[in-house]
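Participant: Shown below is the structure under consideration.
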Amino acid sequence: MQYPVVAVGDDTGLIKFIDHNGDIKHIGTQERGESVKSISRYQDKILVARKNGKIQTLDLEGNFTDIQTPTKSELVKTKVLDELVISMYTNKSIKIGDEEIKTNYNEARDFSIFDNFLGTCGKGDVVGIYDFTTKQSVWKARPQERHENVVDMACILRDNKDFFVATAHNEMKLYDIRAQRKAVKVQRLNPKDLSCDYAINTLALSEDREFVYAGDTVGHIYKINTQLTTIGKTKGRSVGSIRSIEENDGMLYSCGLDRYLRIHNSRALDLIEKHYLWQKLNALLVIPAPL
Amino acid sequence: MVKNQAPNTNFIKSILPTIKNKTRKVQLMLRLKYELKKQQKEGREKRKKQREKTGEAPLAPKTIESMRVPEDSFVTSDNEEVKNDENIDEFASYYKEGVLPKIIVTTKRRPSEQLIKFAKEVQGIMPNAEYYDRRTYDMKEICEYASNREYTDVLVFNEKNKEPEGLWIIHLPEGPTAHFRVSNTWKRREIPNHGTPTGYYPELIMKNFDTRLGQRIGRMLASLFPQKPEFRGRNVVTMKNQRDFIFFRHHRYLFKEDGKKVILQEVGPRLTLKLRSLQSGIFNTESGEYEFLYQPNMQVNRKKFFL
């Protein structure tokens with residue numbers, strides 16, 4: 001395989017490796033409930049987290065090794081920080097290795113890690129920041145007004161100050177977690193009169209952490225700077241919800257429910273190539289060089 | 001130019017820009033059109049005679065469908081990945097285990113009398129379907145109610161100017177949710193010599209659902225009916241996709257002259273559906289994720305279809 005290789009996890013449980021030439025290699029079996037939720041690098045392997053709570057490692061020979069058996073509650077997302085596996089579940093809990101943090105979300109949506117901080121968002125409670133070491137809440141956003149009642153869909157911690165939150169009303173919020181509980185800035189990505197208030201459900205940081213990429217539920221990707229100004233937007237008539245975005249070496253990789261893996265130029269967001277992969281795609285990981 | 005002499009079309013084309021008399025110009029234009037048509041007809045006849053001599057098969061007519069832009073998602077019969085997915089998807093139990101669908105048919109809030117009648121006619125086609133008054137309930141409340149009572153689908157009809165305009169099909173408990181535009185509706189009494197529904201499980205004919213999205217929509221629509229047809233009832237429900245429009249028809253067939261001849265009697269109702277959106281979960285307007293959403297700027301090329 002020629003690098004970079006993109007590993008994509010689909011809704012039926014398959015992992016697909018697509019190399020530079022467009023050759024596709026399938027690993028795994030298709031089973032109900034085994035939907036892949038996250039793929040990340042873990043030591044010299046790939047960590048695969050599934051909807052039923054099962055977490056596995058995948059080596060280069062294509063062998064899966066279980067490191068966690070299926071759980072009662074569904075898994076929302078998994079990330080790896082310094083070989084520590086952090087998983088968010090629908091039963092209001094976040095597992096950090098063997099320890100657990102309890103949240104108040106009725107429907108957990110997303111979490112983000114930076115340094116010692118863990119930012120969370122979901123339905124039923126405001127966004128918050130937890131400390132890794134003490135497992136205590138260190139910051140919480142100001143409660144919403146009754147008439148607002150907006151669901152926070154995704155969040156990302158840029159540094160120990162800027163906390164970006166995307167909402168179901170096509171808004172981006174920027175919190176300064178060192179200063180105040182109220183959002184510093186709230187910005188709609190589409191003008192209000194266009195009635196394109198589709199929810200933003202995926203956020204990703206650029207490699208230099210200077211830009212945020214936001215994917216919405218109808219397939220648009222926006223490039224936003226740290227002042228929440230929209231710098232660019234994808235031009236294609238894509239129609240499936242974006243589930244995962246990653247930037248690598250000037251290329252922006254994205255996948256979603258329309259079953260396409262799309263590769264854009266990250267500067268101007270021009271479409272370079274796309275691959276149809278037959279299943280709904282949930283997660284992707286770019287592997288720039290052999291593990 | 002002398003009358004009754006076959007004019008050269010190239011000659012007419014060359015002199016047309018130089019003629020300034022409007023009447024004369026129109027005459028020449030008409031003459032040119034006539035001559036070109038004549039040439040075409042002669043060419044056709046010539047080719048036909050040649051084919052008869054050589055025994056060649058006639059060329060297939062060019063239609064928008066035959067000139068369709070190839071889609072990446074066109075499913076071939078040897079695609080094992082799609083077959084495996086269909087064995088485990090939300091509709092697998094209806095096809096593999098023969099689970100019977102149980103459907104709620106309802107309307108928008110404050111429906112007109114015409115819409116209620118139409119919804120009841122649609123309910124009459126589907127075995128195991130019940131009509132419920134919408135009253136003031138939210139769609140989310142209806143879905144929750146239906147899920148708790150093991151209903152498998154909720155059908156909600158919308159209207160515009162007292163004509164059915166939209167149809168939501170919500171598959172329970174996990175989705176997907178499809179929204180169709182409804183057009184060209186004929187109620188049963190509007191169809192000449194219509195039959196009456198017998199209540200037997202109908203046979204299903206699904207046609208031209210070729211892409212990945214089309215197959216998913218086809219499976220969703222077919223799962224509204226039991227997958228064990230009762231041939232005794234001689235009922236057929238046809239859903240045919242043509243240029244992304246799904247034509248829904250309900251017929252009875254009758255055997256005549258000791259089974260040598262078959263005639264069709266339409267039972268109705270008749271409707272045409274066009275897919276507007278497909279959401280992956282159950283109905284959620286706030287944060288629902290779309291698998292497909294029709295946008296007018298998608299239809300730039302007339303030869304591109306999605307189903």
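Chain lettering (A, B, ...) mirrors the order of the structure tokens, residue numbering begins at 1 for each chain separately, and ligand numbering begins at 1 in order of display.
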Contacts between chain B and chain A, please, where a residue of chain A counts if it comes within 9 Å (with only C-alpha atoms); show its shortest atom pair and distance in Å to one decimal, rows by chain and ascending number, as a Markdown table.

Facilitator:
```
| residue | atom | partner | partner_atom | distance |
| --- | --- | --- | --- | --- |
| A:Thr12 | CA | B:Asp85 | CA | 6.7 |
| A:Gln30 | CA | B:Asn84 | CA | 6.8 |
| A:Glu31 | CA | B:Ile88 | CA | 6.6 |
| A:Arg32 | CA | B:Ile88 | CA | 5.5 |
| A:Val150 | CA | B:Glu286 | CA | 9.0 |
| A:Val151 | CA | B:Ser287 | CA | 8.0 |
| A:Met153 | CA | B:Ser287 | CA | 8.0 |
| A:Thr167 | CA | B:Ser287 | CA | 8.8 |
| A:Ala168 | CA | B:Ser287 | CA | 5.5 |
| A:His169 | CA | B:Glu286 | CA | 7.5 |
| A:Asp197 | CA | B:Glu286 | CA | 8.9 |
| A:Tyr198 | CA | B:Ser287 | CA | 7.4 |
| A:Ala199 | CA | B:Ser287 | CA | 5.4 |
| A:Ile200 | CA | B:Ser287 | CA | 8.3 |
| A:Asn201 | CA | B:Ser287 | CA | 8.2 |
| A:Asp216 | CA | B:Glu289 | CA | 8.5 |
| A:Thr217 | CA | B:Glu289 | CA | 4.9 |
| A:Val218 | CA | B:Tyr290 | CA | 5.8 |
| A:Gly219 | CA | B:Tyr290 | CA | 8.4 |
| A:Arg237 | CA | B:Met298 | CA | 6.3 |
| A:Ser238 | CA | B:Phe292 | CA | 8.8 |
| A:Val239 | CA | B:Phe292 | CA | 5.3 |
| A:Gly240 | CA | B:Glu291 | CA | 4.5 |
| A:Ser241 | CA | B:Tyr290 | CA | 5.3 |
| A:Ile242 | CA | B:Glu289 | CA | 8.5 |
| A:Gly256 | CA | B:Glu291 | CA | 8.4 |
| A:Leu257 | CA | B:Glu291 | CA | 5.1 |
| A:Asp258 | CA | B:Glu291 | CA | 5.4 |
| A:Arg259 | CA | B:Glu291 | CA | 8.6 |
| A:His275 | CA | B:Asp72 | CA | 8.5 |
| A:Tyr276 | CA | B:Asp72 | CA | 6.3 |
| A:Leu277 | CA | B:Ser73 | CA | 8.7 |
| A:Trp278 | CA | B:Val82 | CA | 7.0 |
| A:Gln279 | CA | B:Val82 | CA | 7.9 |
| A:Lys280 | CA | B:Glu291 | CA | 8.4 |
```

Participant: Can you tell me which residues surround Pro4 in chain A at a distance of at most 8 Å, considering only C-alpha atoms, apart from same-chain residues fewer than 3 positions away, and format the answer as a ChimeraX atom specification?

Facilitator: /A:19-20,286-289

Participant: Hey, can you spit out that residue selection with N, CA and C atoms as an mmCIF file, in the first residue's frame?

Facilitator:
```
data_model
loop_
_atom_site.group_PDB
_atom_site.id
_atom_site.type_symbol
_atom_site.label_atom_id
_atom_site.label_comp_id
_atom_site.auth_asym_id
_atom_site.auth_seq_id
_atom_site.Cartn_x
_atom_site.Cartn_y
_atom_site.Cartn_z
ATOM 1 N N ASP A 19 -5.729 3.362 -0.139
ATOM 2 C CA ASP A 19 -4.389 3.923 -0.275
ATOM 3 C C ASP A 19 -4.354 5.036 -1.326
ATOM 4 N N HIS A 20 -3.162 5.507 -1.572
ATOM 5 C CA HIS A 20 -2.946 6.658 -2.453
ATOM 6 C C HIS A 20 -3.488 6.413 -3.868
ATOM 7 N N VAL A 286 -6.381 9.106 9.188
ATOM 8 C CA VAL A 286 -5.361 9.198 8.135
ATOM 9 C C VAL A 286 -4.054 8.675 8.704
ATOM 10 N N ILE A 287 -3.454 7.721 7.997
ATOM 11 C CA ILE A 287 -2.175 7.151 8.433
ATOM 12 C C ILE A 287 -1.125 7.634 7.425
ATOM 13 N N PRO A 288 -0.348 8.669 7.779
ATOM 14 C CA PRO A 288 0.565 9.254 6.792
ATOM 15 C C PRO A 288 1.760 8.371 6.448
ATOM 16 N N ALA A 289 2.213 7.546 7.402
ATOM 17 C CA ALA A 289 3.387 6.692 7.168
ATOM 18 C C ALA A 289 3.160 5.363 7.869
#
```

Participant: List the neighbours of Lys304 in chain B out to 12 Å using only C-alpha atoms; skip same-chain residues closer than 6 positions along the sequence, and give me the result as a PDB file with C-alpha atoms, in the first residue's frame.

Facilitator:
```pdb
ATOM      1  CA  ILE B  64     -33.346  10.259 -21.008  1.00  0.00           C
ATOM      2  CA  GLU B  65     -33.254   7.048 -18.992  1.00  0.00           C
ATOM      3  CA  SER B  66     -31.142   5.185 -21.531  1.00  0.00           C
ATOM      4  CA  MET B  67     -28.731   8.133 -21.614  1.00  0.00           C
ATOM      5  CA  ARG B  68     -28.574   8.214 -17.812  1.00  0.00           C
ATOM      6  CA  VAL B  69     -25.304   9.489 -16.303  1.00  0.00           C
ATOM      7  CA  PRO B  70     -23.557   6.504 -14.687  1.00  0.00           C
ATOM      8  CA  GLU B  71     -23.714   6.575 -10.895  1.00  0.00           C
ATOM      9  CA  ASP B  72     -20.992   5.314  -8.537  1.00  0.00           C
ATOM     10  CA  THR B 211     -28.780   2.625  -6.928  1.00  0.00           C
ATOM     11  CA  GLN B 242     -38.967   6.236 -13.436  1.00  0.00           C
ATOM     12  CA  ARG B 243     -36.679   9.270 -13.494  1.00  0.00           C
ATOM     13  CA  ASP B 244     -36.745   9.446  -9.666  1.00  0.00           C
ATOM     14  CA  MET B 298     -28.766  19.071  -7.643  1.00  0.00           C
TER      15      MET B 298
END
```

Participant: By how many Å are CA of Glu121 in chain B and CA of Gln265 in chain B apart?

Facilitator: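 One can read the CA of Glu121 in chain B to CA of Gln265 in chain B distance as 16.5 Å.
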
Participant: Near Val184 in chain A, counting only C-alpha atoms, which residues have an atom at most 9 Å away, once you skip same-chain residues fewer than 6 positions from it, shown as a list of chain:residue names?

Facilitator: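 So the residues in contact are A:Lys173, A:Leu174, A:Tyr175, A:Asp176.
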
Participant: Please extract the residues of range 64-260 of chain B with a backbone DSSP assignment of alpha helix (DSSP H) and present them as a PyMOL selection string.

Facilitator: chain B and resi 80-88+92-96+113-125+139-148+212-222

Participant: Could you save the residues just selected, with C-alpha atoms, as a PDB file, in the first residue's frame?

Facilitator:
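Writing done, so here's out-v8.pdb:
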```pdb
ATOM      1  CA  GLU B  80     -21.560  -9.141  -1.796  1.00  0.00           C
ATOM      2  CA  GLU B  81     -20.964  -6.182   0.524  1.00  0.00           C
ATOM      3  CA  VAL B  82     -24.393  -4.707  -0.207  1.00  0.00           C
ATOM      4  CA  LYS B  83     -26.043  -8.133   0.082  1.00  0.00           C
ATOM      5  CA  ASN B  84     -24.455  -8.659   3.514  1.00  0.00           C
ATOM      6  CA  ASP B  85     -25.559  -5.191   4.603  1.00  0.00           C
ATOM      7  CA  GLU B  86     -29.126  -5.908   3.523  1.00  0.00           C
ATOM      8  CA  ASN B  87     -29.050  -9.065   5.675  1.00  0.00           C
ATOM      9  CA  ILE B  88     -28.455  -6.973   8.802  1.00  0.00           C
ATOM     10  CA  ALA B  92     -33.863  -7.471   7.277  1.00  0.00           C
ATOM     11  CA  SER B  93     -36.356  -9.019   9.703  1.00  0.00           C
ATOM     12  CA  TYR B  94     -39.277  -8.307   7.322  1.00  0.00           C
ATOM     13  CA  TYR B  95     -37.631 -10.149   4.457  1.00  0.00           C
ATOM     14  CA  LYS B  96     -35.799 -12.930   6.335  1.00  0.00           C
ATOM     15  CA  GLU B 113     -62.091  15.964   4.681  1.00  0.00           C
ATOM     16  CA  GLN B 114     -60.508  15.054   1.329  1.00  0.00           C
ATOM     17  CA  LEU B 115     -57.162  14.274   2.964  1.00  0.00           C
ATOM     18  CA  ILE B 116     -58.781  12.079   5.588  1.00  0.00           C
ATOM     19  CA  LYS B 117     -60.578  10.113   2.865  1.00  0.00           C
ATOM     20  CA  PHE B 118     -57.368   9.719   0.901  1.00  0.00           C
ATOM     21  CA  ALA B 119     -55.398   8.591   3.971  1.00  0.00           C
ATOM     22  CA  LYS B 120     -58.123   6.035   4.753  1.00  0.00           C
ATOM     23  CA  GLU B 121     -57.936   4.697   1.191  1.00  0.00           C
ATOM     24  CA  VAL B 122     -54.166   4.250   1.511  1.00  0.00           C
ATOM     25  CA  GLN B 123     -54.716   2.546   4.862  1.00  0.00           C
ATOM     26  CA  GLY B 124     -57.134   0.191   3.107  1.00  0.00           C
ATOM     27  CA  ILE B 125     -54.395  -1.156   0.843  1.00  0.00           C
ATOM     28  CA  MET B 139     -44.832  13.761  15.442  1.00  0.00           C
ATOM     29  CA  LYS B 140     -42.365  12.860  18.213  1.00  0.00           C
ATOM     30  CA  GLU B 141     -45.229  11.953  20.549  1.00  0.00           C
ATOM     31  CA  ILE B 142     -46.837   9.809  17.859  1.00  0.00           C
ATOM     32  CA  CYS B 143     -43.542   8.007  17.206  1.00  0.00           C
ATOM     33  CA  GLU B 144     -43.062   7.356  20.917  1.00  0.00           C
ATOM     34  CA  TYR B 145     -46.641   6.068  21.257  1.00  0.00           C
ATOM     35  CA  ALA B 146     -46.236   3.825  18.212  1.00  0.00           C
ATOM     36  CA  SER B 147     -42.849   2.499  19.334  1.00  0.00           C
ATOM     37  CA  ASN B 148     -44.223   1.535  22.733  1.00  0.00           C
ATOM     38  CA  ARG B 212     -27.808   2.107  -3.312  1.00  0.00           C
ATOM     39  CA  LEU B 213     -30.224   4.839  -2.246  1.00  0.00           C
ATOM     40  CA  GLY B 214     -32.898   3.472  -4.559  1.00  0.00           C
ATOM     41  CA  GLN B 215     -32.580  -0.009  -3.109  1.00  0.00           C
ATOM     42  CA  ARG B 216     -32.874   1.368   0.415  1.00  0.00           C
ATOM     43  CA  ILE B 217     -36.012   3.310  -0.506  1.00  0.00           C
ATOM     44  CA  GLY B 218     -37.392   0.263  -2.336  1.00  0.00           C
ATOM     45  CA  ARG B 219     -36.836  -1.957   0.694  1.00  0.00           C
ATOM     46  CA  MET B 220     -38.436   0.660   2.933  1.00  0.00           C
ATOM     47  CA  LEU B 221     -41.559   0.892   0.773  1.00  0.00           C
ATOM     48  CA  ALA B 222     -41.804  -2.873   0.308  1.00  0.00           C
TER      49      ALA B 222
END
```

Participant: Go through range 67-114 of chain A and collect every residue that DSSP, computed from the backbone, puts in strand (DSSP E or B); the answer should be as a PyMOL selection string.

Facilitator: chain A and resi 67-68+75-81+84-89+93-96+99-102+107-114

Participant: Counting only C-alpha atoms, what is within 7 Å of Cys121 in chain A, bar same-chain residues fewer than 2 positions away, as a list of chain:residue names?

Facilitator: A:Ala108, A:Arg109, A:Asp110, A:Phe111, A:Val126, A:Val127, A:Gly128, A:Asp152, A:Met153, A:Ala154, A:Cys155

Participant: If we count only C-alpha atoms and set the cut-off at 10 Å, which residues sit around Thr198 in chain B, ignoring sequence neighbours fewer than 6 positions away in its own chain? Please answer as a list in words.

Facilitator: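 Result of the neighbour search: Gly124, Ile125, Gly233, Arg234, Asn235, Arg252 and Val267 of chain B.
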
Participant: One decimal, Å: what's the distance from CA of Tyr3 in chain A over to CA of Leu285 in chain A, could you say?

Facilitator: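 According to the coordinates, CA of Tyr3 in chain A and CA of Leu285 in chain A are separated by 12.5 Å.
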
Participant: Find the residues around range 174-183 of chain B up to 6 Å (only C-alpha atoms counted), leave out those fewer than 2 positions away in its own chain, and share them as number ranges by chain.

Facilitator: B: 165-172, 185, 272-283

Participant: Restricting the output to N, CA and C atoms, write the selected residues as a short mmCIF file (atom, residue, chain, number, x, y, z; two decimals), in the first residue's frame.

Facilitator:
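File written: selection-v7.cif
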```cif
data_model
loop_
_atom_site.label_atom_id
_atom_site.label_comp_id
_atom_site.auth_asym_id
_atom_site.auth_seq_id
_atom_site.Cartn_x
_atom_site.Cartn_y
_atom_site.Cartn_z
N GLU B 165 -50.03 16.43 -0.51
CA GLU B 165 -48.82 17.09 -1.02
C GLU B 165 -47.55 16.41 -0.53
N GLY B 166 -47.58 15.85 0.67
CA GLY B 166 -46.37 15.25 1.23
C GLY B 166 -46.68 13.99 2.01
N LEU B 167 -45.69 13.14 2.12
CA LEU B 167 -45.86 11.91 2.89
C LEU B 167 -44.57 11.65 3.66
N TRP B 168 -44.71 11.51 4.98
CA TRP B 168 -43.59 11.10 5.83
C TRP B 168 -43.77 9.63 6.13
N ILE B 169 -42.72 8.85 5.91
CA ILE B 169 -42.74 7.44 6.34
C ILE B 169 -41.65 7.28 7.39
N ILE B 170 -42.08 6.98 8.60
CA ILE B 170 -41.13 6.84 9.71
C ILE B 170 -41.08 5.37 10.10
N HIS B 171 -39.92 4.78 9.90
CA HIS B 171 -39.77 3.36 10.27
C HIS B 171 -39.34 3.30 11.72
N LEU B 172 -39.99 2.45 12.49
CA LEU B 172 -39.73 2.38 13.92
C LEU B 172 -39.05 1.05 14.26
N THR B 185 -52.46 12.53 -7.54
CA THR B 185 -53.23 11.55 -6.75
C THR B 185 -54.62 11.36 -7.37
N THR B 272 -48.14 9.41 -7.08
CA THR B 272 -46.75 9.48 -7.52
C THR B 272 -45.93 10.11 -6.40
N LEU B 273 -44.80 9.48 -6.10
CA LEU B 273 -43.96 9.96 -5.01
C LEU B 273 -42.62 10.45 -5.54
N LYS B 274 -42.10 11.48 -4.92
CA LYS B 274 -40.73 11.90 -5.24
C LYS B 274 -39.98 12.11 -3.94
N LEU B 275 -38.81 11.47 -3.84
CA LEU B 275 -38.06 11.52 -2.58
C LEU B 275 -37.52 12.92 -2.33
N ARG B 276 -37.83 13.45 -1.16
CA ARG B 276 -37.32 14.76 -0.75
C ARG B 276 -36.15 14.61 0.21
N SER B 277 -36.30 13.73 1.18
CA SER B 277 -35.18 13.55 2.13
C SER B 277 -35.24 12.16 2.74
N LEU B 278 -34.08 11.71 3.17
CA LEU B 278 -34.00 10.45 3.92
C LEU B 278 -33.11 10.70 5.13
N GLN B 279 -33.73 10.60 6.31
CA GLN B 279 -32.98 10.80 7.56
C GLN B 279 -32.59 9.46 8.13
N SER B 280 -31.45 9.42 8.82
CA SER B 280 -30.98 8.11 9.27
C SER B 280 -31.73 7.60 10.51
N GLY B 281 -32.14 8.47 11.39
CA GLY B 281 -32.84 8.01 12.60
C GLY B 281 -34.34 8.19 12.46
N ILE B 282 -35.04 8.23 13.60
CA ILE B 282 -36.47 8.55 13.52
C ILE B 282 -36.62 10.07 13.42
N PHE B 283 -37.85 10.50 13.15
CA PHE B 283 -38.14 11.90 12.82
C PHE B 283 -37.50 12.88 13.81
#
```

Participant: If you measure from CA of Tyr89 in chain A to CA of Asn106 in chain A, what distance in Å do you get, rounded to one decimal?

Facilitator: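 Rounded to one decimal, the two atoms are 10.7 Å apart.
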